[in-house]
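Colleague: Input final_35.cif, format and content: mmCIF, C-alpha atoms.
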data_upload
loop_
_atom_site.group_PDB
_atom_site.id
_atom_site.type_symbol
_atom_site.label_atom_id
_atom_site.label_comp_id
_atom_site.auth_asym_id
_atom_site.auth_seq_id
_atom_site.Cartn_x
_atom_site.Cartn_y
_atom_site.Cartn_z
ATOM 1 C CA MET O 1352 11.378 12.125 13.410
ATOM 2 C CA VAL O 1353 7.691 12.094 14.314
ATOM 3 C CA PRO O 1354 6.822 9.548 17.037
ATOM 4 C CA THR O 1355 4.589 6.703 15.993
ATOM 5 C CA VAL O 1356 2.377 6.922 19.086
ATOM 6 C CA LEU O 1357 1.193 10.487 19.327
ATOM 7 C CA SER O 1358 -0.475 10.411 22.726
ATOM 8 C CA SER O 1359 -0.752 8.186 25.772
ATOM 9 C CA THR O 1360 -4.252 9.506 26.443
ATOM 10 C CA MET O 1361 -5.634 8.684 23.000
ATOM 11 C CA PRO O 1362 -5.663 5.529 20.859
ATOM 12 C CA SER O 1363 -2.297 4.920 19.184
ATOM 13 C CA VAL O 1364 -1.996 6.654 15.818
ATOM 14 C CA ASP O 1365 0.497 5.200 13.344
ATOM 15 C CA VAL O 1366 1.843 8.190 11.448
ATOM 16 C CA ASP O 1367 3.792 5.778 9.245
ATOM 17 C CA ASP O 1368 0.469 4.822 7.656
ATOM 18 C CA LEU O 1369 0.352 8.236 5.986
ATOM 19 C CA TYR O 1370 3.496 7.439 4.007
ATOM 20 C CA GLY O 1371 2.148 4.065 2.917
ATOM 21 C CA LEU O 1372 -1.072 5.522 1.461
ATOM 22 C CA PRO O 1373 -1.652 6.322 -2.206
ATOM 23 C CA LEU O 1374 0.019 9.668 -2.793
ATOM 24 C CA ASP O 1375 -3.231 11.548 -3.514
ATOM 25 C CA ARG O 1376 -4.603 10.472 -0.110
ATOM 26 C CA PHE O 1377 -1.689 11.913 1.907
ATOM 27 C CA VAL O 1378 -3.005 15.469 2.332
ATOM 28 C CA PRO O 1379 -6.684 14.670 3.099
ATOM 29 C CA GLU O 1380 -5.744 11.852 5.498
ATOM 30 C CA ARG O 1381 -3.220 14.105 7.228
ATOM 31 C CA ALA O 1382 -5.879 16.816 7.551
ATOM 32 C CA SER O 1383 -8.320 14.263 8.989
ATOM 33 C CA LEU O 1384 -5.727 13.107 11.532
ATOM 34 C CA VAL O 1385 -4.991 16.714 12.506
ATOM 35 C CA ARG O 1386 -8.711 17.385 13.092
ATOM 36 C CA GLU O 1387 -8.995 14.232 15.190
ATOM 37 C CA LEU O 1388 -6.053 15.246 17.362
ATOM 38 C CA ARG O 1389 -7.342 18.806 17.759
ATOM 39 C CA SER O 1390 -10.795 17.578 18.747
ATOM 40 C CA GLY O 1391 -9.106 15.416 21.373
ATOM 41 C CA GLY O 1392 -7.256 18.409 22.793
ATOM 42 C CA GLU O 1393 -3.874 17.290 21.416
ATOM 43 C CA ARG O 1394 -3.044 20.598 19.735
ATOM 44 C CA GLU O 1395 0.743 20.349 19.992
ATOM 45 C CA GLN O 1396 0.797 16.908 18.423
ATOM 46 C CA ALA O 1397 -1.723 18.047 15.831
ATOM 47 C CA ALA O 1398 0.749 20.752 14.861
ATOM 48 C CA VAL O 1399 3.494 18.123 14.536
ATOM 49 C CA VAL O 1400 1.327 16.055 12.184
ATOM 50 C CA ALA O 1401 0.278 19.149 10.211
ATOM 51 C CA ALA O 1402 3.963 19.877 9.584
ATOM 52 C CA LEU O 1403 4.585 16.468 7.986
ATOM 53 C CA ARG O 1404 5.666 17.027 4.383
ATOM 54 C CA LYS O 1405 4.010 15.296 1.481
ATOM 55 C CA PRO O 1406 6.531 13.128 -0.418
ATOM 56 C CA SER O 1407 7.509 13.914 -3.976
ATOM 57 C CA VAL O 1408 6.393 11.339 -6.544
ATOM 58 C CA ALA O 1409 9.856 9.774 -6.696
ATOM 59 C CA ALA O 1410 10.225 9.723 -2.901
ATOM 60 C CA TRP O 1411 6.762 8.148 -2.605
ATOM 61 C CA ALA O 1412 7.768 5.376 -5.014
ATOM 62 C CA VAL O 1413 10.954 4.689 -3.027
ATOM 63 C CA ASN O 1414 8.906 4.574 0.203
ATOM 64 C CA GLN O 1415 6.638 1.935 -1.289
ATOM 65 C CA LEU O 1416 9.643 -0.133 -2.405
ATOM 66 C CA ILE O 1417 11.145 0.038 1.092
ATOM 67 C CA ARG O 1418 7.819 -1.036 2.603
ATOM 68 C CA THR O 1419 6.905 -3.822 0.195
ATOM 69 C CA GLN O 1420 10.083 -5.149 -1.484
ATOM 70 C CA ARG O 1421 12.244 -6.044 1.487
ATOM 71 C CA HIS O 1422 14.127 -8.857 -0.250
ATOM 72 C CA GLU O 1423 15.084 -6.712 -3.259
ATOM 73 C CA VAL O 1424 16.027 -3.774 -1.012
ATOM 74 C CA ASP O 1425 18.295 -6.013 1.081
ATOM 75 C CA ALA O 1426 19.916 -7.231 -2.137
ATOM 76 C CA LEU O 1427 20.525 -3.595 -3.146
ATOM 77 C CA TYR O 1428 22.166 -2.827 0.196
ATOM 78 C CA ALA O 1429 24.363 -5.917 -0.073
ATOM 79 C CA ALA O 1430 25.439 -4.966 -3.611
ATOM 80 C CA GLY O 1431 26.169 -1.413 -2.475
ATOM 81 C CA ASP O 1432 28.265 -2.622 0.470
ATOM 82 C CA ALA O 1433 30.199 -4.921 -1.846
ATOM 83 C CA LEU O 1434 30.847 -2.089 -4.305
ATOM 84 C CA ARG O 1435 32.095 0.190 -1.550
ATOM 85 C CA GLU O 1436 34.477 -2.504 -0.352
ATOM 86 C CA VAL O 1437 35.890 -2.925 -3.855
ATOM 87 C CA GLN O 1438 36.180 0.848 -4.280
ATOM 88 C CA ALA O 1439 38.189 1.012 -1.054
ATOM 89 C CA GLY O 1440 40.294 -1.875 -2.327
ATOM 90 C CA VAL O 1441 41.014 -0.076 -5.593
ATOM 91 C CA LEU O 1442 42.175 2.990 -3.681
ATOM 92 C CA SER O 1443 44.408 0.880 -1.444
ATOM 93 C CA GLY O 1444 45.710 -1.238 -4.302
ATOM 94 C CA SER O 1445 44.157 -4.524 -3.088
ATOM 95 C CA ALA O 1446 41.507 -4.672 -5.860
ATOM 96 C CA ASP O 1447 41.619 -4.039 -9.574
ATOM 97 C CA ALA O 1448 39.434 -2.481 -12.268
ATOM 98 C CA ARG O 1449 37.877 -5.813 -13.237
ATOM 99 C CA GLU O 1450 36.603 -6.389 -9.695
ATOM 100 C CA LEU O 1451 35.285 -2.830 -9.531
ATOM 101 C CA ARG O 1452 33.529 -3.226 -12.873
ATOM 102 C CA SER O 1453 31.881 -6.472 -11.733
ATOM 103 C CA ALA O 1454 30.754 -4.958 -8.402
ATOM 104 C CA ALA O 1455 29.387 -1.853 -10.151
ATOM 105 C CA GLU O 1456 27.418 -4.014 -12.580
ATOM 106 C CA SER O 1457 25.907 -5.986 -9.670
ATOM 107 C CA GLU O 1458 24.880 -2.773 -7.921
ATOM 108 C CA ARG O 1459 23.459 -1.409 -11.170
ATOM 109 C CA ALA O 1460 21.439 -4.612 -11.678
ATOM 110 C CA ALA O 1461 20.007 -4.337 -8.141
ATOM 111 C CA VAL O 1462 19.015 -0.710 -8.803
ATOM 112 C CA ASP O 1463 17.454 -1.613 -12.159
ATOM 113 C CA ALA O 1464 15.434 -4.451 -10.610
ATOM 114 C CA LEU O 1465 13.913 -2.067 -8.075
ATOM 115 C CA VAL O 1466 13.346 0.622 -10.711
ATOM 116 C CA ALA O 1467 11.322 -1.909 -12.734
ATOM 117 C CA LEU O 1468 9.171 -2.558 -9.659
ATOM 118 C CA ALA O 1469 8.843 1.199 -9.114
ATOM 119 C CA ARG O 1470 7.486 1.601 -12.649
ATOM 120 C CA GLY O 1471 4.686 -0.810 -11.758
ATOM 121 C CA LEU O 1472 3.974 1.010 -8.491
ATOM 122 C CA LEU O 1473 3.817 4.387 -10.220
ATOM 123 C CA SER O 1474 1.544 3.125 -12.992
ATOM 124 C CA SER O 1475 -0.826 1.238 -10.674
ATOM 125 C CA GLY O 1476 -0.851 4.197 -8.264
ATOM 126 C CA GLY O 1477 -2.052 6.557 -10.995
ATOM 127 C CA GLN O 1478 1.135 8.646 -10.874
ATOM 128 C CA GLU O 1479 2.620 10.233 -13.958
ATOM 129 C CA LEU O 1480 5.441 7.998 -15.157
ATOM 130 C CA THR O 1481 8.052 10.367 -16.595
ATOM 131 C CA ALA O 1482 11.694 9.762 -17.433
ATOM 132 C CA THR O 1483 12.637 12.359 -14.816
ATOM 133 C CA THR O 1484 10.680 10.578 -12.093
ATOM 134 C CA VAL O 1485 12.219 7.216 -12.951
ATOM 135 C CA GLU O 1486 15.680 8.818 -13.000
ATOM 136 C CA ARG O 1487 15.122 10.305 -9.549
ATOM 137 C CA VAL O 1488 13.975 6.948 -8.179
ATOM 138 C CA ALA O 1489 17.142 5.337 -9.556
ATOM 139 C CA ASP O 1490 19.343 8.107 -8.142
ATOM 140 C CA THR O 1491 17.774 7.714 -4.699
ATOM 141 C CA LEU O 1492 18.230 3.944 -4.716
ATOM 142 C CA HIS O 1493 21.826 4.358 -5.849
ATOM 143 C CA ALA O 1494 22.425 6.840 -3.006
ATOM 144 C CA ALA O 1495 20.888 4.443 -0.455
ATOM 145 C CA ALA O 1496 23.118 1.647 -1.720
ATOM 146 C CA LEU O 1497 26.367 3.604 -1.397
ATOM 147 C CA ASP O 1498 25.821 6.186 1.346
ATOM 148 C CA ASP O 1499 25.093 5.371 5.014
ATOM 149 C CA GLU O 1500 23.269 8.648 5.661
ATOM 150 C CA ALA O 1501 21.065 8.196 2.594
ATOM 151 C CA ARG O 1502 20.320 4.637 3.661
ATOM 152 C CA ARG O 1503 19.206 5.848 7.074
ATOM 153 C CA GLU O 1504 16.945 8.447 5.434
ATOM 154 C CA VAL O 1505 15.111 5.904 3.296
ATOM 155 C CA SER O 1506 15.104 2.981 5.752
ATOM 156 C CA ASP O 1507 11.836 3.902 7.515
ATOM 157 C CA GLY O 1508 9.866 4.428 4.294
ATOM 158 C CA ARG O 1509 9.113 8.076 5.098
ATOM 159 C CA LEU O 1510 11.314 9.902 2.614
ATOM 160 C CA VAL O 1511 9.917 13.241 1.425
ATOM 161 C CA ARG O 1512 12.499 14.229 -1.206
ATOM 162 C CA GLU O 1513 14.601 12.156 -3.585
ATOM 163 C CA LEU O 1514 18.345 11.851 -2.986
ATOM 164 C CA ARG O 1515 21.434 11.868 -5.216
ATOM 165 C CA HIS O 1516 24.814 10.262 -4.613
ATOM 166 C CA VAL O 1517 28.033 11.928 -5.804
ATOM 167 C CA GLY O 1518 30.245 9.032 -6.876
ATOM 168 C CA LEU O 1519 33.939 8.545 -7.357
ATOM 169 C CA GLY O 1520 35.828 11.405 -8.963
ATOM 170 C CA GLY O 1521 38.182 11.231 -11.885
ATOM 171 C CA GLY O 1522 41.118 10.067 -9.792
ATOM 172 C CA LEU O 1523 40.689 6.442 -10.951
ATOM 173 C CA GLY O 1524 40.848 7.406 -14.624
ATOM 174 C CA GLY O 1525 38.767 5.809 -17.337
ATOM 175 C CA ALA O 1526 39.961 2.275 -16.734
ATOM 176 C CA VAL O 1527 37.125 1.391 -14.325
ATOM 177 C CA ALA O 1528 33.390 1.261 -14.770
ATOM 178 C CA ALA O 1529 31.593 3.932 -12.820
ATOM 179 C CA PRO O 1530 28.454 3.183 -10.823
ATOM 180 C CA PRO O 1531 25.202 3.786 -12.715
ATOM 181 C CA SER O 1532 24.378 7.372 -13.530
ATOM 182 C CA ARG O 1533 21.383 8.564 -15.514
ATOM 183 C CA PRO O 1534 21.830 12.249 -16.419
ATOM 184 C CA ALA O 1535 18.661 13.758 -17.868
ATOM 185 C CA SER O 1536 20.487 15.175 -20.886
ATOM 186 C CA GLY O 1537 21.680 11.729 -21.990
ATOM 187 C CA ARG O 1538 25.368 12.827 -21.990
ATOM 188 C CA PRO O 1539 27.931 10.570 -20.232
ATOM 189 C CA ASP O 1540 28.524 11.329 -16.578
ATOM 190 C CA THR O 1541 32.114 12.436 -16.077
ATOM 191 C CA GLY O 1542 31.923 11.536 -12.386
ATOM 192 C CA ALA O 1543 33.044 15.024 -11.373
ATOM 193 C CA LYS O 1544 31.547 16.362 -8.185
ATOM 194 C CA ARG O 1545 29.410 19.429 -8.392
ATOM 195 C CA PRO O 1546 30.306 22.335 -6.131
ATOM 196 C CA LYS O 1547 28.500 22.006 -2.846
ATOM 197 C CA PRO O 1548 26.388 24.931 -1.708
ATOM 198 C CA THR O 1549 27.360 26.621 1.527
ATOM 199 C CA ARG O 1550 25.640 25.430 4.675
ATOM 200 C CA GLU O 1551 23.805 28.751 5.043
ATOM 201 C CA ARG O 1552 22.603 28.722 1.438
ATOM 202 C CA LYS O 1553 21.516 25.109 1.679
ATOM 203 C CA ALA O 1554 19.645 25.821 4.913
ATOM 204 C CA ALA O 1555 17.950 28.853 3.325
ATOM 205 C CA GLU O 1556 16.945 26.852 0.266
ATOM 206 C CA THR O 1557 15.598 24.056 2.458
ATOM 207 C CA ALA O 1558 13.656 26.569 4.537
ATOM 208 C CA ARG O 1559 12.170 28.142 1.406
ATOM 209 C CA GLU O 1560 11.218 24.733 0.038
ATOM 210 C CA ARG O 1561 9.597 23.736 3.309
ATOM 211 C CA LYS O 1562 7.740 27.042 3.558
ATOM 212 C CA ALA O 1563 6.428 26.723 0.004
ATOM 213 C CA GLU O 1564 5.483 23.079 0.540
ATOM 214 C CA THR O 1565 3.748 23.921 3.821
ATOM 215 C CA ALA O 1566 1.797 26.705 2.110
ATOM 216 C CA ARG O 1567 0.751 24.387 -0.728
ATOM 217 C CA GLU O 1568 -0.234 21.638 1.649
ATOM 218 C CA ARG O 1569 -2.147 24.086 3.872
ATOM 219 C CA LYS O 1570 -4.080 25.302 0.833
ATOM 220 C CA ALA O 1571 -4.758 21.719 -0.204
ATOM 221 C CA ALA O 1572 -5.945 20.843 3.298
ATOM 222 C CA GLU O 1573 -8.180 23.917 3.402
ATOM 223 C CA ALA O 1574 -9.587 23.049 -0.020
ATOM 224 C CA ALA O 1575 -10.246 19.486 1.116
ATOM 225 C CA GLU O 1576 -11.970 20.742 4.268
ATOM 226 C CA LEU O 1577 -14.028 23.197 2.201
ATOM 227 C CA ARG O 1578 -15.099 20.365 -0.105
ATOM 228 C CA GLU O 1579 -16.076 18.285 2.904
ATOM 229 C CA ARG O 1580 -18.177 21.139 4.334
ATOM 230 C CA GLU O 1581 -19.842 21.737 0.980
ATOM 231 C CA GLN O 1582 -20.597 18.027 0.684
ATOM 232 C CA ALA O 1583 -22.058 18.051 4.204
ATOM 233 C CA ARG O 1584 -24.234 21.057 3.286
ATOM 234 C CA LYS O 1585 -25.456 19.299 0.143
ATOM 235 C CA GLN O 1586 -26.344 16.225 2.156
ATOM 236 C CA ALA O 1587 -28.129 18.341 4.791
ATOM 237 C CA ARG O 1588 -30.104 20.164 2.076
ATOM 238 C CA ALA O 1589 -31.077 16.853 0.511
ATOM 239 C CA LEU O 1590 -32.225 15.517 3.891
ATOM 240 C CA GLU O 1591 -34.206 18.727 4.509
ATOM 241 C CA ARG O 1592 -35.924 18.410 1.113
ATOM 242 C CA ASP O 1593 -36.782 14.776 1.783
ATOM 243 C CA ALA O 1594 -38.174 15.666 5.213
ATOM 244 C CA ALA O 1595 -40.260 18.513 3.721
ATOM 245 C CA ARG O 1596 -41.693 16.115 1.136
ATOM 246 C CA GLU O 1597 -42.549 13.660 3.899
ATOM 247 C CA VAL O 1598 -44.309 16.427 5.862
ATOM 248 C CA ASP O 1599 -46.287 17.435 2.765
ATOM 249 C CA ARG O 1600 -47.328 13.822 2.116
ATOM 250 C CA ALA O 1601 -48.358 13.398 5.756
ATOM 251 C CA GLU O 1602 -50.436 16.596 5.701
ATOM 252 C CA ARG O 1603 -52.199 15.490 2.512
ATOM 253 C CA ALA O 1604 -52.926 12.127 4.094
ATOM 254 C CA VAL O 1605 -54.410 13.844 7.167
ATOM 255 C CA ARG O 1606 -56.640 16.047 4.984
ATOM 256 C CA ALA O 1607 -57.836 13.062 2.993
ATOM 257 C CA ALA O 1608 -58.603 11.125 6.192
ATOM 258 C CA ARG O 1609 -60.553 14.059 7.598
ATOM 259 C CA GLU O 1610 -62.597 14.328 4.409
ATOM 260 C CA ARG O 1611 -63.399 10.617 4.601
ATOM 261 C CA GLN O 1612 -64.315 11.073 8.270
ATOM 262 C CA GLU O 1613 -66.632 13.939 7.409
ATOM 263 C CA ARG O 1614 -68.299 11.955 4.630
ATOM 264 C CA ALA O 1615 -68.706 9.011 6.946
ATOM 265 C CA ALA O 1616 -70.220 11.229 9.658
ATOM 266 C CA GLU O 1617 -72.699 12.680 7.163
ATOM 267 C CA ALA O 1618 -73.647 9.212 5.943
ATOM 268 C CA LEU O 1619 -74.124 8.085 9.560
ATOM 269 C CA SER O 1620 -76.348 11.075 10.262
ATOM 270 C CA GLN O 1621 -78.476 10.287 7.208
ATOM 271 C CA ALA O 1622 -78.723 6.651 8.231
ATOM 272 C CA GLU O 1623 -79.797 7.594 11.745
ATOM 273 C CA ALA O 1624 -82.522 9.881 10.329
ATOM 274 C CA ALA O 1625 -83.712 7.063 8.067
ATOM 275 C CA VAL O 1626 -83.902 4.726 11.066
ATOM 276 C CA GLN O 1627 -85.936 7.285 12.988
ATOM 277 C CA ASP O 1628 -88.310 7.717 10.035
ATOM 278 C CA ALA O 1629 -88.687 3.965 9.751
ATOM 279 C CA GLU O 1630 -89.373 3.615 13.472
ATOM 280 C CA ALA O 1631 -92.039 6.360 13.255
ATOM 281 C CA GLY O 1632 -93.644 4.494 10.361
ATOM 282 C CA VAL O 1633 -93.719 1.312 12.408
ATOM 283 C CA GLU O 1634 -95.458 3.150 15.298
ATOM 284 C CA ALA O 1635 -98.053 4.647 12.962
ATOM 285 C CA ALA O 1636 -98.712 1.270 11.363
ATOM 286 C CA LEU O 1637 -99.184 -0.369 14.758
ATOM 287 C CA ALA O 1638 -101.627 2.344 15.832
ATOM 288 C CA ALA O 1639 -103.671 1.911 12.641
ATOM 289 C CA HIS O 1640 -103.656 -1.845 13.152
ATOM 290 C CA ARG O 1641 -105.025 -1.479 16.700
ATOM 291 C CA GLN O 1642 -107.800 0.827 15.526
ATOM 292 C CA ALA O 1643 -108.807 -1.547 12.769
ATOM 293 C CA LYS O 1644 -108.918 -4.454 15.170
ATOM 294 C CA GLN O 1645 -111.103 -2.517 17.609
ATOM 295 C CA ARG O 1646 -113.659 -1.776 14.835
ATOM 296 C CA LEU O 1647 -113.651 -5.390 13.840
ATOM 297 C CA ASP O 1648 -114.329 -6.489 17.387
ATOM 298 C CA ALA O 1649 -117.228 -4.002 17.694
ATOM 299 C CA VAL O 1650 -119.146 -5.343 14.664
#
Re-express the file's structure as structure tokens.
Modeller:
Amino acid sequence: MVPTVLSSTMPSVDVDDLYGLPLDRFVPERASLVRELRSGGEREQAAVVAALRKPSVAAWAVNQLIRTQRHEVDALYAAGDALREVQAGVLSGSADARELRSAAESERAAVDALVALARGLLSSGGQELTATTVERVADTLHAAALDDEARREVSDGRLVRELRHVGLGGGLGGAVAAPPSRPASGRPDTGAKRPKPTRERKAAETARERKAETARERKAAEAAELREREQARKQARALERDAAREVDRAERAVRAARERQERAAEALSQAEAAVQDAEAGVEAALAAHRQAKQRLDAV
């Protein structure tokens, strides 16, 4: 189990949020959280988060039901507990086939009600709604209703793989209604238990699955990080082009201003020369006027 609070030296990080996200956001958000932890020096806890497995589609749907449909989930658990009590009563002789049939139908109805809600979650979440996925959701809910260990696995809404419950065997004969079973082939479920794999084989298969899932998720995280870097480069190039255009516009504006300054300076110089010429004309006119006045006074 991954702790909810990853570090006492950093803000609290609710890992549960990852399992409540839309399924296609799990990997990129996990990668973002890992980068945040690494940048904060929390490398060990970053490794713990990086190892979190992405849920299957069916497991994701069950997680959302656990998180959002508490009333219906409680009703499923109650129906499952009641069915188990009747099953025990049948084995001990204190209950009959009619009671078992009624309890099984109630448990089946509780499963079906949640499956109907899961269909809506899968459709609205953009997930592919296949008969196999719906069957796996139903199997997992049925397992959680009738098996304590399965119920513990789904109770925190962080399931990563769907579950399956192996029901009563053929010891009760055909006189009782079996709990709901939805085999993919459409053939009736005989209720017979399948041979269990050895512990070593099961552990090896689980290890292989985890290794393959980790490799896929690592590739997805790397691809997401590569896309982020490429997007950052595109944005930087766009900013650089905009800045270059601004520099070019500014330089053109400076050249235009200098040309206007030069034209203004030339016009000023011409005006000053015209003023000087006019002043010289005034002086010459005054001198001529004085000479004319002197001749007039001498006559």
Colleague: Quick one: everything within 12 Å of Ala1489 of chain O, counting all atoms listed in the file, minus sequence neighbours fewer than 4 positions away in the same chain. Send it as a ChimeraX atom specification.
Modeller: /O:1409-1410,1412-1413,1416,1427,1458-1470,1482-1485,1493-1496,1513-1516,1530-1535
Colleague: How would the residues just chosen look if you wrote them out with C-alpha atoms as a PDB file, in the frame of the given file?
Modeller:
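Wrote result_17.pdb, looks like this:
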ATOM      1  CA  ALA O1409       9.856   9.774  -6.696  1.00  0.00           C
ATOM      2  CA  ALA O1410      10.225   9.723  -2.901  1.00  0.00           C
ATOM      3  CA  ALA O1412       7.768   5.376  -5.014  1.00  0.00           C
ATOM      4  CA  VAL O1413      10.954   4.689  -3.027  1.00  0.00           C
ATOM      5  CA  LEU O1416       9.643  -0.133  -2.405  1.00  0.00           C
ATOM      6  CA  LEU O1427      20.525  -3.595  -3.146  1.00  0.00           C
ATOM      7  CA  GLU O1458      24.880  -2.773  -7.921  1.00  0.00           C
ATOM      8  CA  ARG O1459      23.459  -1.409 -11.170  1.00  0.00           C
ATOM      9  CA  ALA O1460      21.439  -4.612 -11.678  1.00  0.00           C
ATOM     10  CA  ALA O1461      20.007  -4.337  -8.141  1.00  0.00           C
ATOM     11  CA  VAL O1462      19.015  -0.710  -8.803  1.00  0.00           C
ATOM     12  CA  ASP O1463      17.454  -1.613 -12.159  1.00  0.00           C
ATOM     13  CA  ALA O1464      15.434  -4.451 -10.610  1.00  0.00           C
ATOM     14  CA  LEU O1465      13.913  -2.067  -8.075  1.00  0.00           C
ATOM     15  CA  VAL O1466      13.346   0.622 -10.711  1.00  0.00           C
ATOM     16  CA  ALA O1467      11.322  -1.909 -12.734  1.00  0.00           C
ATOM     17  CA  LEU O1468       9.171  -2.558  -9.659  1.00  0.00           C
ATOM     18  CA  ALA O1469       8.843   1.199  -9.114  1.00  0.00           C
ATOM     19  CA  ARG O1470       7.486   1.601 -12.649  1.00  0.00           C
ATOM     20  CA  ALA O1482      11.694   9.762 -17.433  1.00  0.00           C
ATOM     21  CA  THR O1483      12.637  12.359 -14.816  1.00  0.00           C
ATOM     22  CA  THR O1484      10.680  10.578 -12.093  1.00  0.00           C
ATOM     23  CA  VAL O1485      12.219   7.216 -12.951  1.00  0.00           C
ATOM     24  CA  HIS O1493      21.826   4.358  -5.849  1.00  0.00           C
ATOM     25  CA  ALA O1494      22.425   6.840  -3.006  1.00  0.00           C
ATOM     26  CA  ALA O1495      20.888   4.443  -0.455  1.00  0.00           C
ATOM     27  CA  ALA O1496      23.118   1.647  -1.720  1.00  0.00           C
ATOM     28  CA  GLU O1513      14.601  12.156  -3.585  1.00  0.00           C
ATOM     29  CA  LEU O1514      18.345  11.851  -2.986  1.00  0.00           C
ATOM     30  CA  ARG O1515      21.434  11.868  -5.216  1.00  0.00           C
ATOM     31  CA  HIS O1516      24.814  10.262  -4.613  1.00  0.00           C
ATOM     32  CA  PRO O1530      28.454   3.183 -10.823  1.00  0.00           C
ATOM     33  CA  PRO O1531      25.202   3.786 -12.715  1.00  0.00           C
ATOM     34  CA  SER O1532      24.378   7.372 -13.530  1.00  0.00           C
ATOM     35  CA  ARG O1533      21.383   8.564 -15.514  1.00  0.00           C
ATOM     36  CA  PRO O1534      21.830  12.249 -16.419  1.00  0.00           C
ATOM     37  CA  ALA O1535      18.661  13.758 -17.868  1.00  0.00           C
TER      38      ALA O1535
END
Colleague: How many Å separate atom CA of Ala1575 of chain O from atom CA of Glu1380 of chain O?
Modeller: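 Atom-to-atom, atom CA of Ala1575 of chain O and atom CA of Glu1380 of chain O are spaced 9.9 Å apart.
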Colleague: One number please: atom CA of Ala1454 of chain O to atom CA of Asp1499 of chain O, in Å, one decimal.
Modeller: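 About the pair atom CA of Ala1454 of chain O and atom CA of Asp1499 of chain O: they are 17.9 Å apart.
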Colleague: Could you check how far atom CA of Ala1604 of chain O sits from atom CA of Ala1616 of chain O, in Å to one decimal?
Modeller: 18.2 Å
Colleague: Restricting the calculation to all atoms listed in the file: of O:Arg1588, O:Arg1452, O:Arg1421, O:Arg1487, which residue gets closest to Ala1433 of chain O?
Modeller: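 Of O:Arg1588, O:Arg1452, O:Arg1421, O:Arg1487, the one nearest Ala1433 of chain O, counting all atoms listed in the file, is O:Arg1452.
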Colleague: Between O:Val1505, O:Leu1497, O:Leu1510, O:Leu1647, which residue has the minimum interatomic distance to Ala1429 of chain O, considering all atoms listed in the file?
Modeller: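 Closest to Ala1429 of chain O of all the choices is O:Leu1497.
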Colleague: Determine the residue membership of the PyMOL selection byres ((chain O and resi 1398-1400) around 9) for the file above and supply it as a list in words.
Modeller: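 That expression, the PyMOL selection byres ((chain O and resi 1398-1400) around 9), corresponds here to Val1353, Val1366, Arg1381, Ala1382, Leu1384, Val1385, Arg1389, Glu1393, Arg1394, Glu1395, Gln1396, Ala1397, Ala1401, Ala1402, Leu1403 and Arg1404 of chain O.
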Colleague: Which one of O:Ser1457, O:Ser1383, O:Ser1474, O:Gln1645 sits closest to Ala1430 of chain O if you count all atoms listed in the file?
Modeller: O:Ser1457
Colleague: Determine the nearest neighbour of Pro1373 of chain O from the options O:Gly1632, O:Gly1392, O:Gly1444, O:Gly1477, counting only C-alpha atoms.
Modeller: O:Gly1477
Colleague: Of the candidates O:Leu1372, O:Val1511, O:Val1378, O:Leu1472, which one gets nearest to Lys1570 of chain O if we count all atoms listed in the file?
Modeller: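 Nearest candidate to Lys1570 of chain O out of O:Leu1372, O:Val1511, O:Val1378, O:Leu1472: O:Val1378.
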Colleague: Need the shell around Asp1368 of chain O: protein/DNA/RNA residues with any atom at most 12 Å away, counting all atoms listed in the file. Skip same-chain ones fewer than 6 positions apart. Format as JSON, numbers by chain?
Modeller: {"O": [1355, 1356, 1374, 1376, 1377, 1380, 1381, 1384, 1414, 1415, 1418, 1507, 1508, 1509]}
